[in-house]
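Engineer: For reference, this is input-v7.pdb, and it has PDB, C-alpha atoms and all ligand atoms.
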```
ATOM      1  CA  SER A  22      60.623  33.375-128.870
ATOM      2  CA  ASN A  23      57.243  33.638-127.172
ATOM      3  CA  SER A  24      56.366  34.410-123.568
ATOM      4  CA  ASN A  25      56.228  30.888-122.098
ATOM      5  CA  ALA A  26      59.183  29.582-124.064
ATOM      6  CA  LEU A  27      61.203  32.509-122.715
ATOM      7  CA  ALA A  28      60.010  31.969-119.131
ATOM      8  CA  ARG A  29      61.071  28.319-119.370
ATOM      9  CA  ALA A  30      64.439  29.300-120.811
ATOM     10  CA  ALA A  31      64.859  31.635-117.827
ATOM     11  CA  GLY A  32      64.401  28.631-115.521
ATOM     12  CA  LYS A  33      60.791  29.309-114.533
ATOM     13  CA  LEU A  34      57.986  26.755-114.544
ATOM     14  CA  TYR A  35      55.589  28.772-116.679
ATOM     15  CA  PHE A  36      54.174  31.961-118.072
ATOM     16  CA  GLY A  37      50.416  31.471-117.938
ATOM     17  CA  THR A  38      47.011  33.057-118.130
ATOM     18  CA  ALA A  39      43.604  32.953-116.526
ATOM     19  CA  THR A  40      40.738  31.911-118.749
ATOM     20  CA  ASP A  41      37.029  31.288-118.369
ATOM     21  CA  ASN A  42      34.596  28.739-119.751
ATOM     22  CA  SER A  43      32.524  31.175-121.786
ATOM     23  CA  GLU A  44      35.680  32.226-123.639
ATOM     24  CA  LEU A  45      36.391  28.724-124.926
ATOM     25  CA  SER A  46      33.840  29.083-127.751
ATOM     26  CA  ASP A  47      35.854  31.975-129.240
ATOM     27  CA  THR A  48      38.004  30.147-131.771
ATOM     28  CA  ALA A  49      40.435  33.008-132.424
ATOM     29  CA  TYR A  50      40.925  33.424-128.664
ATOM     30  CA  VAL A  51      41.388  29.692-128.144
ATOM     31  CA  ALA A  52      43.981  29.468-130.912
ATOM     32  CA  ILE A  53      46.305  31.780-128.960
ATOM     33  CA  LEU A  54      45.352  30.253-125.579
ATOM     34  CA  SER A  55      46.293  26.799-126.902
ATOM     35  CA  ASP A  56      49.764  27.824-128.047
ATOM     36  CA  ASN A  57      52.045  26.645-125.294
ATOM     37  CA  THR A  58      54.912  28.734-126.576
ATOM     38  CA  TYR A  59      52.802  31.625-125.255
ATOM     39  CA  PHE A  60      51.181  30.001-122.195
ATOM     40  CA  GLY A  61      52.396  27.039-120.176
ATOM     41  CA  GLN A  62      49.778  27.299-117.449
ATOM     42  CA  LEU A  63      46.054  28.096-117.068
ATOM     43  CA  THR A  64      44.004  29.315-114.102
ATOM     44  CA  PRO A  65      40.194  29.076-114.195
ATOM     45  CA  ALA A  66      38.945  32.612-113.488
ATOM     46  CA  ASN A  67      35.702  31.361-111.957
ATOM     47  CA  SER A  68      34.833  27.717-112.446
ATOM     48  CA  MET A  69      36.670  26.218-109.457
ATOM     49  CA  LYS A  70      35.322  28.749-106.952
ATOM     50  CA  TRP A  71      33.031  27.604-104.142
ATOM     51  CA  ASP A  72      29.807  28.932-105.702
ATOM     52  CA  ALA A  73      30.603  27.000-108.883
ATOM     53  CA  THR A  74      31.819  23.776-107.265
ATOM     54  CA  GLU A  75      29.608  23.285-104.184
ATOM     55  CA  PRO A  76      26.526  25.453-104.741
ATOM     56  CA  GLU A  77      24.575  23.363-102.243
ATOM     57  CA  GLN A  78      26.103  21.596 -99.308
ATOM     58  CA  GLY A  79      27.597  18.269-100.359
ATOM     59  CA  THR A  80      26.592  18.653-104.039
ATOM     60  CA  PHE A  81      29.719  19.091-106.141
ATOM     61  CA  THR A  82      29.867  20.241-109.768
ATOM     62  CA  PHE A  83      33.131  19.779-111.597
ATOM     63  CA  SER A  84      32.015  20.303-115.197
ATOM     64  CA  GLY A  85      33.287  23.885-115.567
ATOM     65  CA  GLY A  86      36.650  23.176-113.979
ATOM     66  CA  ASP A  87      36.995  19.917-115.911
ATOM     67  CA  GLN A  88      36.567  21.806-119.178
ATOM     68  CA  ILE A  89      39.478  24.128-118.350
ATOM     69  CA  VAL A  90      41.605  21.142-117.298
ATOM     70  CA  SER A  91      40.895  19.382-120.624
ATOM     71  CA  GLN A  92      41.846  22.528-122.518
ATOM     72  CA  ALA A  93      45.120  22.715-120.565
ATOM     73  CA  LYS A  94      45.960  19.007-120.809
ATOM     74  CA  ALA A  95      45.443  18.971-124.563
ATOM     75  CA  HIS A  96      48.246  21.507-124.867
ATOM     76  CA  ASN A  97      50.586  20.299-122.112
ATOM     77  CA  GLN A  98      49.798  23.264-119.890
ATOM     78  CA  ILE A  99      49.857  22.984-116.110
ATOM     79  CA  MET A 100      46.997  24.201-113.898
ATOM     80  CA  ARG A 101      46.608  26.430-110.877
ATOM     81  CA  GLY A 102      43.462  25.510-108.990
ATOM     82  CA  HIS A 103      41.673  28.655-107.827
ATOM     83  CA  ASN A 104      40.479  28.496-105.085
ATOM     84  CA  CYS A 105      39.356  26.500-102.028
ATOM     85  CA  VAL A 106      38.502  29.031 -99.303
ATOM     86  CA  TRP A 107      37.596  32.676-100.059
ATOM     87  CA  TYR A 108      35.045  35.107 -98.630
ATOM     88  CA  ASN A 109      33.799  36.039-102.135
ATOM     89  CA  GLN A 110      31.791  34.038-104.677
ATOM     90  CA  LEU A 111      30.750  31.947-101.731
ATOM     91  CA  PRO A 112      27.264  30.385-101.812
ATOM     92  CA  SER A 113      24.880  31.799 -99.231
ATOM     93  CA  TRP A 114      24.568  28.444 -97.484
ATOM     94  CA  VAL A 115      28.168  29.044 -96.365
ATOM     95  CA  SER A 116      28.311  32.822 -96.011
ATOM     96  CA  ASN A 117      25.026  33.101 -94.135
ATOM     97  CA  GLY A 118      25.375  29.840 -92.239
ATOM     98  CA  GLN A 119      25.283  29.722 -88.456
ATOM     99  CA  PHE A 120      27.777  26.981 -87.775
ATOM    100  CA  THR A 121      29.457  25.581 -84.734
ATOM    101  CA  THR A 122      33.248  25.416 -84.955
ATOM    102  CA  ALA A 123      32.981  21.642 -85.493
ATOM    103  CA  GLN A 124      30.462  22.051 -88.315
ATOM    104  CA  LEU A 125      32.420  24.707 -90.201
ATOM    105  CA  THR A 126      35.648  22.770 -89.729
ATOM    106  CA  SER A 127      34.165  19.748 -91.430
ATOM    107  CA  ILE A 128      32.592  21.909 -94.177
ATOM    108  CA  ILE A 129      36.020  23.402 -94.996
ATOM    109  CA  GLN A 130      37.706  20.004 -94.804
ATOM    110  CA  ASN A 131      35.146  18.397 -97.086
ATOM    111  CA  HIS A 132      35.293  21.256 -99.611
ATOM    112  CA  CYS A 133      39.107  21.375 -99.773
ATOM    113  CA  ASP A 134      39.450  17.592 -99.751
ATOM    114  CA  THR A 135      36.921  17.115-102.554
ATOM    115  CA  LEU A 136      38.386  19.808-104.806
ATOM    116  CA  VAL A 137      42.041  18.959-104.315
ATOM    117  CA  SER A 138      41.318  15.214-104.644
ATOM    118  CA  HIS A 139      39.393  15.719-107.884
ATOM    119  CA  TYR A 140      42.025  18.034-109.363
ATOM    120  CA  LYS A 141      45.198  16.179-108.390
ATOM    121  CA  GLY A 142      48.742  17.168-109.280
ATOM    122  CA  GLN A 143      48.053  20.873-109.448
ATOM    123  CA  ILE A 144      49.154  24.054-107.805
ATOM    124  CA  TRP A 145      46.310  25.277-105.562
ATOM    125  CA  ASP A 146      45.357  28.653-104.153
ATOM    126  CA  VAL A 147      43.988  27.037-100.994
ATOM    127  CA  VAL A 148      43.265  30.265 -99.110
ATOM    128  CA  ASN A 149      42.479  33.441-101.042
ATOM    129  CA  GLU A 150      42.575  37.011 -99.701
ATOM    130  CA  PRO A 151      42.612  36.420 -95.930
ATOM    131  CA  PHE A 152      43.661  39.985 -95.025
ATOM    132  CA  ASN A 153      42.246  43.492 -95.154
ATOM    133  CA  ASP A 154      44.470  46.207 -96.614
ATOM    134  CA  ASP A 155      45.440  47.398 -93.124
ATOM    135  CA  GLY A 156      46.790  43.925 -92.336
ATOM    136  CA  THR A 157      43.961  42.869 -90.045
ATOM    137  CA  TRP A 158      42.135  39.622 -90.688
ATOM    138  CA  ARG A 159      39.166  39.859 -92.998
ATOM    139  CA  SER A 160      35.915  39.478 -91.125
ATOM    140  CA  ASP A 161      34.122  36.614 -92.888
ATOM    141  CA  VAL A 162      32.281  33.468 -91.846
ATOM    142  CA  PHE A 163      35.566  31.543 -91.654
ATOM    143  CA  TYR A 164      37.451  33.995 -89.438
ATOM    144  CA  ASN A 165      34.417  34.938 -87.397
ATOM    145  CA  THR A 166      33.649  31.294 -86.589
ATOM    146  CA  LEU A 167      37.109  29.726 -86.357
ATOM    147  CA  GLY A 168      39.561  32.577 -85.981
ATOM    148  CA  THR A 169      42.851  32.165 -87.802
ATOM    149  CA  SER A 170      42.669  28.374 -87.420
ATOM    150  CA  TYR A 171      40.578  28.155 -90.603
ATOM    151  CA  VAL A 172      43.821  28.635 -92.550
ATOM    152  CA  ASP A 173      45.416  25.628 -90.815
ATOM    153  CA  ILE A 174      42.294  23.548 -91.408
ATOM    154  CA  ALA A 175      42.197  24.355 -95.127
ATOM    155  CA  LEU A 176      45.920  23.832 -95.708
ATOM    156  CA  GLN A 177      45.996  20.549 -93.791
ATOM    157  CA  ALA A 178      42.970  19.224 -95.686
ATOM    158  CA  ALA A 179      44.522  20.194 -99.019
ATOM    159  CA  ARG A 180      47.855  18.551 -98.138
ATOM    160  CA  ALA A 181      46.140  15.359 -97.033
ATOM    161  CA  ALA A 182      44.001  15.248-100.185
ATOM    162  CA  ASP A 183      47.014  15.412-102.492
ATOM    163  CA  PRO A 184      50.503  15.400-100.981
ATOM    164  CA  GLY A 185      51.834  16.118-104.487
ATOM    165  CA  ALA A 186      49.984  19.421-104.853
ATOM    166  CA  LYS A 187      51.709  22.748-104.268
ATOM    167  CA  ILE A 188      49.556  24.634-101.781
ATOM    168  CA  TYR A 189      49.453  28.415-101.648
ATOM    169  CA  ILE A 190      47.910  31.389 -99.918
ATOM    170  CA  ASN A 191      47.108  34.136-102.424
ATOM    171  CA  ASP A 192      46.389  37.850-101.879
ATOM    172  CA  TYR A 193      46.627  41.349-103.365
ATOM    173  CA  ASN A 194      48.351  44.463-102.026
ATOM    174  CA  ILE A 195      51.040  42.261-100.489
ATOM    175  CA  GLU A 196      53.360  43.247-103.358
ATOM    176  CA  MET A 197      54.789  46.261-101.514
ATOM    177  CA  THR A 198      56.242  46.975 -98.116
ATOM    178  CA  GLY A 199      53.391  47.721 -95.746
ATOM    179  CA  PRO A 200      51.024  46.310 -93.144
ATOM    180  CA  LYS A 201      49.354  43.750 -95.392
ATOM    181  CA  ALA A 202      52.656  42.252 -96.586
ATOM    182  CA  THR A 203      53.861  42.231 -92.977
ATOM    183  CA  SER A 204      50.787  40.285 -91.908
ATOM    184  CA  MET A 205      51.297  37.741 -94.686
ATOM    185  CA  LEU A 206      54.993  37.368 -93.817
ATOM    186  CA  ASN A 207      54.044  36.836 -90.174
ATOM    187  CA  LEU A 208      51.388  34.309 -91.131
ATOM    188  CA  VAL A 209      53.895  32.285 -93.176
ATOM    189  CA  LYS A 210      56.405  32.387 -90.291
ATOM    190  CA  ASP A 211      53.724  31.252 -87.875
ATOM    191  CA  LEU A 212      52.550  28.402 -90.127
ATOM    192  CA  LYS A 213      56.134  27.238 -90.641
ATOM    193  CA  SER A 214      56.927  27.388 -86.929
ATOM    194  CA  ARG A 215      53.886  25.250 -86.116
ATOM    195  CA  GLY A 216      54.482  22.731 -88.908
ATOM    196  CA  ILE A 217      51.348  23.636 -90.861
ATOM    197  CA  PRO A 218      51.907  22.794 -94.552
ATOM    198  CA  ILE A 219      52.438  25.765 -96.893
ATOM    199  CA  ASP A 220      54.408  25.730-100.138
ATOM    200  CA  GLY A 221      53.901  29.152-101.586
ATOM    201  CA  VAL A 222      52.520  32.660-101.515
ATOM    202  CA  GLY A 223      50.699  34.064-104.529
ATOM    203  CA  LEU A 224      51.049  37.771-105.222
ATOM    204  CA  GLN A 225      48.065  38.736-107.342
ATOM    205  CA  CYS A 226      49.610  41.914-108.853
ATOM    206  CA  HIS A 227      46.507  43.786-110.020
ATOM    207  CA  PHE A 228      48.483  46.960-110.742
ATOM    208  CA  ILE A 229      47.899  50.459-112.130
ATOM    209  CA  VAL A 230      50.021  51.871-114.968
ATOM    210  CA  GLY A 231      52.911  53.902-113.537
ATOM    211  CA  GLU A 232      52.390  52.466-110.051
ATOM    212  CA  VAL A 233      54.175  49.126-110.022
ATOM    213  CA  PRO A 234      55.594  48.883-106.494
ATOM    214  CA  THR A 235      59.341  49.370-106.350
ATOM    215  CA  SER A 236      59.558  46.923-103.432
ATOM    216  CA  LEU A 237      58.059  44.000-105.433
ATOM    217  CA  GLN A 238      61.350  42.116-105.832
ATOM    218  CA  SER A 239      62.405  42.714-102.235
ATOM    219  CA  ILE A 240      59.028  41.505-100.936
ATOM    220  CA  MET A 241      59.280  38.321-103.000
ATOM    221  CA  GLN A 242      62.751  37.750-101.560
ATOM    222  CA  GLN A 243      61.402  38.236 -98.045
ATOM    223  CA  PHE A 244      58.814  35.515 -98.662
ATOM    224  CA  THR A 245      61.252  33.074-100.231
ATOM    225  CA  ALA A 246      63.679  33.654 -97.334
ATOM    226  CA  LEU A 247      61.006  32.046 -95.127
ATOM    227  CA  GLY A 248      61.207  28.820 -97.122
ATOM    228  CA  VAL A 249      58.219  29.193 -99.433
ATOM    229  CA  GLU A 250      58.070  29.755-103.163
ATOM    230  CA  VAL A 251      56.222  32.695-104.691
ATOM    231  CA  ALA A 252      54.273  33.198-107.894
ATOM    232  CA  ILE A 253      52.719  36.184-109.599
ATOM    233  CA  THR A 254      49.211  34.867-109.951
ATOM    234  CA  GLU A 255      46.838  37.465-111.429
ATOM    235  CA  LEU A 256      48.920  40.101-113.185
ATOM    236  CA  ASP A 257      47.200  42.947-114.992
ATOM    237  CA  ILE A 258      48.146  46.638-115.211
ATOM    238  CA  ARG A 259      45.169  48.908-115.775
ATOM    239  CA  MET A 260      44.918  52.505-116.900
ATOM    240  CA  THR A 261      42.320  55.241-116.835
ATOM    241  CA  LEU A 262      40.693  55.238-120.271
ATOM    242  CA  PRO A 263      41.086  56.372-122.963
ATOM    243  CA  ALA A 264      44.450  54.740-123.617
ATOM    244  CA  THR A 265      47.168  56.959-125.087
ATOM    245  CA  ASN A 266      50.495  56.033-126.639
ATOM    246  CA  ALA A 267      52.197  57.377-123.521
ATOM    247  CA  LEU A 268      50.113  55.125-121.265
ATOM    248  CA  LEU A 269      50.707  52.067-123.470
ATOM    249  CA  THR A 270      54.448  52.768-123.430
ATOM    250  CA  GLN A 271      54.448  53.147-119.650
ATOM    251  CA  GLN A 272      52.492  49.888-119.460
ATOM    252  CA  GLU A 273      55.230  48.178-121.509
ATOM    253  CA  THR A 274      57.805  49.363-118.950
ATOM    254  CA  ASP A 275      55.572  48.242-116.094
ATOM    255  CA  TYR A 276      55.120  44.714-117.458
ATOM    256  CA  LYS A 277      58.860  44.545-118.082
ATOM    257  CA  ASN A 278      59.595  45.509-114.483
ATOM    258  CA  VAL A 279      57.208  42.904-113.039
ATOM    259  CA  ILE A 280      58.665  40.089-115.133
ATOM    260  CA  ALA A 281      62.207  41.244-114.315
ATOM    261  CA  ALA A 282      61.400  41.078-110.585
ATOM    262  CA  CYS A 283      60.186  37.466-110.883
ATOM    263  CA  LYS A 284      63.150  36.549-113.052
ATOM    264  CA  ALA A 285      65.540  37.944-110.444
ATOM    265  CA  VAL A 286      64.048  35.918-107.570
ATOM    266  CA  SER A 287      64.993  32.258-107.814
ATOM    267  CA  GLY A 288      61.989  31.202-105.735
ATOM    268  CA  CYS A 289      59.520  32.955-108.063
ATOM    269  CA  VAL A 290      58.232  30.010-110.090
ATOM    270  CA  GLY A 291      56.080  31.752-112.685
ATOM    271  CA  VAL A 292      53.808  34.550-113.787
ATOM    272  CA  THR A 293      50.115  34.354-114.677
ATOM    273  CA  VAL A 294      48.227  37.193-116.351
ATOM    274  CA  TRP A 295      44.575  37.611-115.384
ATOM    275  CA  ASP A 296      43.514  36.770-118.910
ATOM    276  CA  TYR A 297      45.750  37.637-121.780
ATOM    277  CA  THR A 298      43.394  39.913-123.713
ATOM    278  CA  ASP A 299      41.463  43.107-122.996
ATOM    279  CA  LYS A 300      38.517  41.366-124.684
ATOM    280  CA  TYR A 301      37.894  39.317-121.539
ATOM    281  CA  SER A 302      39.532  41.324-118.758
ATOM    282  CA  TRP A 303      37.619  41.692-115.477
ATOM    283  CA  VAL A 304      38.937  45.263-115.079
ATOM    284  CA  PRO A 305      36.357  47.455-116.884
ATOM    285  CA  SER A 306      33.432  45.921-115.017
ATOM    286  CA  THR A 307      35.198  46.193-111.652
ATOM    287  CA  PHE A 308      37.105  49.511-111.817
ATOM    288  CA  SER A 309      34.900  52.124-113.417
ATOM    289  CA  GLY A 310      36.577  54.117-116.196
ATOM    290  CA  GLN A 311      39.640  51.838-116.247
ATOM    291  CA  GLY A 312      40.761  49.091-118.611
ATOM    292  CA  GLU A 313      43.209  47.952-121.295
ATOM    293  CA  ALA A 314      45.128  46.123-118.564
ATOM    294  CA  CYS A 315      46.247  43.049-120.530
ATOM    295  CA  PRO A 316      49.137  42.346-122.944
ATOM    296  CA  TRP A 317      46.875  41.631-125.931
ATOM    297  CA  ASP A 318      44.205  44.126-127.026
ATOM    298  CA  ALA A 319      40.486  43.465-127.519
ATOM    299  CA  ASN A 320      41.155  42.450-131.140
ATOM    300  CA  LEU A 321      43.659  39.824-129.950
ATOM    301  CA  GLN A 322      46.612  41.846-131.210
ATOM    302  CA  LYS A 323      49.765  42.119-129.112
ATOM    303  CA  LYS A 324      50.296  45.448-127.363
ATOM    304  CA  PRO A 325      53.597  47.084-126.391
ATOM    305  CA  ALA A 326      53.043  45.379-123.005
ATOM    306  CA  TYR A 327      53.691  42.005-124.636
ATOM    307  CA  SER A 328      57.078  43.263-125.866
ATOM    308  CA  GLY A 329      57.832  44.337-122.304
ATOM    309  CA  ILE A 330      57.188  40.757-121.147
ATOM    310  CA  THR A 331      59.388  39.119-123.759
ATOM    311  CA  ALA A 332      62.143  41.702-123.325
ATOM    312  CA  ALA A 333      62.319  41.040-119.584
ATOM    313  CA  TRP A 334      62.333  37.220-119.812
TER
HETATM  314  C1  LIG A 401      37.415  37.709-110.734
HETATM  315  C2  LIG A 401      37.003  37.143-112.089
HETATM  316  O1  LIG A 401      37.991  37.444-113.047
HETATM  317  C3  LIG A 401      35.676  37.724-112.513
HETATM  318  O2  LIG A 401      35.212  37.111-113.716
HETATM  319  C4  LIG A 401      34.632  37.535-111.410
HETATM  320  O3  LIG A 401      33.439  38.178-111.775
HETATM  321  C5  LIG A 401      35.149  38.091-110.087
HETATM  322  O4  LIG A 401      36.397  37.486-109.781
HETATM  323  N1  LIG A 401      41.034  38.296-107.172
HETATM  324  C6  LIG A 401      40.846  36.948-107.358
HETATM  325  C7  LIG A 401      40.079  36.468-108.538
HETATM  326  O5  LIG A 401      41.408  36.142-106.610
HETATM  327  O6  LIG A 401      39.359  35.293-108.263
HETATM  328  C8  LIG A 401      39.146  37.533-109.072
HETATM  329  O7  LIG A 401      38.590  37.042-110.288
HETATM  330  C9  LIG A 401      39.879  38.828-109.281
HETATM  331  C10 LIG A 401      40.449  39.340-107.969
END
```
Could you write out this structure as structure tokens?

Structural biologist:
Amino acid sequence: SNSNALARAAGKLYFGTATDNSELSDTAYVAILSDNTYFGQLTPANSMKWDATEPEQGTFTFSGGDQIVSQAKAHNQIMRGHNCVWYNQLPSWVSNGQFTTAQLTSIIQNHCDTLVSHYKGQIWDVVNEPFNDDGTWRSDVFYNTLGTSYVDIALQAARAADPGAKIYINDYNIEMTGPKATSMLNLVKDLKSRGIPIDGVGLQCHFIVGEVPTSLQSIMQQFTALGVEVAITELDIRMTLPATNALLTQQETDYKNVIAACKAVSGCVGVTVWDYTDKYSWVPSTFSGQGEACPWDANLQKKPAYSGITAAW
């Protein structure tokens, strides 16, 4: 069986992938993307971000996100909305704005409400990457204006917009024991204790071959013990190029271990790869000299990594 069929058989909601609008004109790519035995869920890599959806204050553009939703719906795939509030890919009217707390509160509320209302019935990454790697809060317009309350404001607006949506906070480098995971655990505890709505924590899982954290499963269990679900939201496992057979074999083991960790945690609802093919991976343009992070190669052929995924499910 294929990756999503196996994830479903293991009791998970989905095995999914990120995709992007420009990729939807590649017919060979779309043929695999559309096969819901492989993928039961899609995440738009860019087209629901703030710069794409509200480039000017109060002017919303849904066309890019709508196209991904149509692609998903046509093949019975569920969607993760990505994302409402993030310091990056933020239009300058927000990032450079000088706002009072009341103004920025209503800007966040309007943005989250409009997105989550338009894209109903989804899972949503409502807050993305709130922490620095040392566990301190990221210094951005949201934190600098509102302090940590911006998280409450965003989550409450998202819940009110669609009580049926699953609302998440999503981050990277929270997949291993350390200060950043501790801060996220403490944030979830704090939100729960104050009755602020939160359904899940997304662990991005942008990993390096041979360096999958051994505490991944234990960390997921620590989150689910707080009464939230978890998901692996942006999995890729990059290597320093050129690829060798040894690296591709290690990558197979690494993918297997990540899937096995999710499988073992009952509150881990699914796994999303950050695009399924090296043809469209964000890695080479972001991490110089690195790549081949995905389970399908640039010619849309399955790599050993794909066998690691199916073996673990
Ligand atoms: C990346 C996209 O894949 C790229 O196309 C874009 O240029 C930059 O953003 N963490 C996230 C994602 O939450 O939104 C990022 O996506 C990758 C890191």

Engineer: Excluding Ala28 in chain A and its own-chain neighbours fewer than 3 positions away, which residues fall within 10 Å of it when counting all atoms listed in the file? Please give them as a ChimeraX atom specification.

Structural biologist: /A:22-25,31-37,58-61,280,283-284,290-292,330-331,333-334

Engineer: Measuring between all atoms listed in the file, which one of A:Ile174, A:Ala326, A:Ala123, A:Leu321 shows the shortest distance to Tyr50 in chain A?

Structural biologist: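 Smallest separation from Tyr50 in chain A among the options: A:Leu321.
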
Engineer: Separation of CA of Gly223 in chain A and CA of Asp192 in chain A, in Å?

Structural biologist: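 These two atoms are separated by 6.3 Å.
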
Engineer: Which residues are near ligand LIG 401 (chain A) - at most 10 Å, using all atoms listed in the file? Format: as a ChimeraX atom specification.

Structural biologist: /A:39-41,64-70,103-104,107,109-110,146,148-150,191-193,223-227,254-256,295-296,301-304,306-307

Engineer: Step by step, gather every atom of range 50-55 of chain A that the file lists, find the box along x, y and z that holds them, add 8 Å on each side, and finally give centre and edge lengths in Å to one decimal, as lines of an AutoDock Vina configuration file.

Structural biologist:
```
center_x = 43.6
center_y = 30.1
center_z = -128.2
size_x = 21.4
size_y = 22.6
size_z = 21.3
```

Engineer: Which residue gives the smallest distance to Lys213 in chain A among A:Gly118, A:Gly248, A:Pro151, A:Gly168, with all atoms listed in the file counted?

Structural biologist: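 Smallest separation from Lys213 in chain A among the options: A:Gly248.
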
Engineer: Given the PyMOL selection byres (((chain A and resi 125) around 12) and not hetatm) and the file above, list the residues it selects as JSON, numbers by chain.

Structural biologist: {"A": [78, 106, 114, 115, 116, 117, 118, 119, 120, 121, 122, 123, 124, 126, 127, 128, 129, 130, 131, 132, 162, 163, 164, 165, 166, 167, 168, 170, 171, 174, 175]}

Engineer: Care to translate the PyMOL selection byres (((chain A and resi 259) around 7) and not hetatm) into actual residues of this file, as a list in words?

Structural biologist: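 What the PyMOL selection byres (((chain A and resi 259) around 7) and not hetatm) grabs from the file is Phe228, Ile229, Val230, Asp257, Ile258, Met260, Gln311, Gly312, Glu313 and Ala314 of chain A.
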
Engineer: Measuring between all atoms listed in the file, which one of A:His139, A:Arg180, A:Lys324, A:Lys94 shows the shortest distance to Leu268 in chain A?

Structural biologist: A:Lys324

Engineer: Identify which of the residues A:Ile190, A:Ala52, A:Cys289, A:Ala182 lies closest to Glu250 in chain A, counting all atoms listed in the file when measuring atom-to-atom distances.

Structural biologist: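 Among the listed residues, the smallest separation from Glu250 in chain A belongs to A:Cys289.
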
Engineer: What does the structure give for the distance between CA of Trp317 in chain A and CA of Leu54 in chain A, in Å to one decimal?

Structural biologist: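 Taking CA of Trp317 in chain A as the start and CA of Leu54 in chain A as the end point, the length is 11.5 Å.
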
Engineer: Rounded to one decimal, what separation in Å do you get between CA of Ser309 in chain A and CA of Gln272 in chain A?

Structural biologist: 18.7 Å

Engineer: The PyMOL selection byres (((chain A and resi 208) around 12) and not hetatm) on the file shown: which residues, as a count of residues only?

Structural biologist: 31

Engineer: Could you list, as number ranges by chain, every residue within 8 Å of Ile144 in chain A, counting all atoms listed in the file and ignoring same-chain residues fewer than 6 positions away?

Structural biologist: A: 100-102, 186-189

Engineer: With distances taken over only C-alpha atoms, which residue among A:Asp220, A:Glu196, A:Asp56, A:Asp87 lies nearest Thr245 in chain A?

Structural biologist: A:Asp220

Engineer: Taking all atoms listed in the file into account, name the residue in A:Ser328, A:Thr38, A:Thr270, A:Thr74 that is nearest to Val294 in chain A.

Structural biologist: A:Thr38

Engineer: Extract, using all atoms listed in the file, all DNA, RNA and protein residues at most 9 Å from Pro76 in chain A, discarding same-chain residues fewer than 3 positions from it, and format them as a PyMOL selection string.

Structural biologist: chain A and resi 71-73+79-82+111-114

Engineer: Give me the residues within 7 Å of Gly329 in chain A as an mmCIF file with C-alpha atoms, keeping the file's coordinate frame, counting only C-alpha atoms and dropping any in the same chain fewer than 5 places off.

Structural biologist:
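Final output, out.cif:
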```cif
data_model
loop_
_atom_site.group_PDB
_atom_site.id
_atom_site.type_symbol
_atom_site.label_atom_id
_atom_site.label_comp_id
_atom_site.auth_asym_id
_atom_site.auth_seq_id
_atom_site.Cartn_x
_atom_site.Cartn_y
_atom_site.Cartn_z
ATOM 1 C CA GLU A 273 55.230 48.178 -121.509
ATOM 2 C CA THR A 274 57.805 49.363 -118.950
ATOM 3 C CA TYR A 276 55.120 44.714 -117.458
ATOM 4 C CA LYS A 277 58.860 44.545 -118.082
#
```
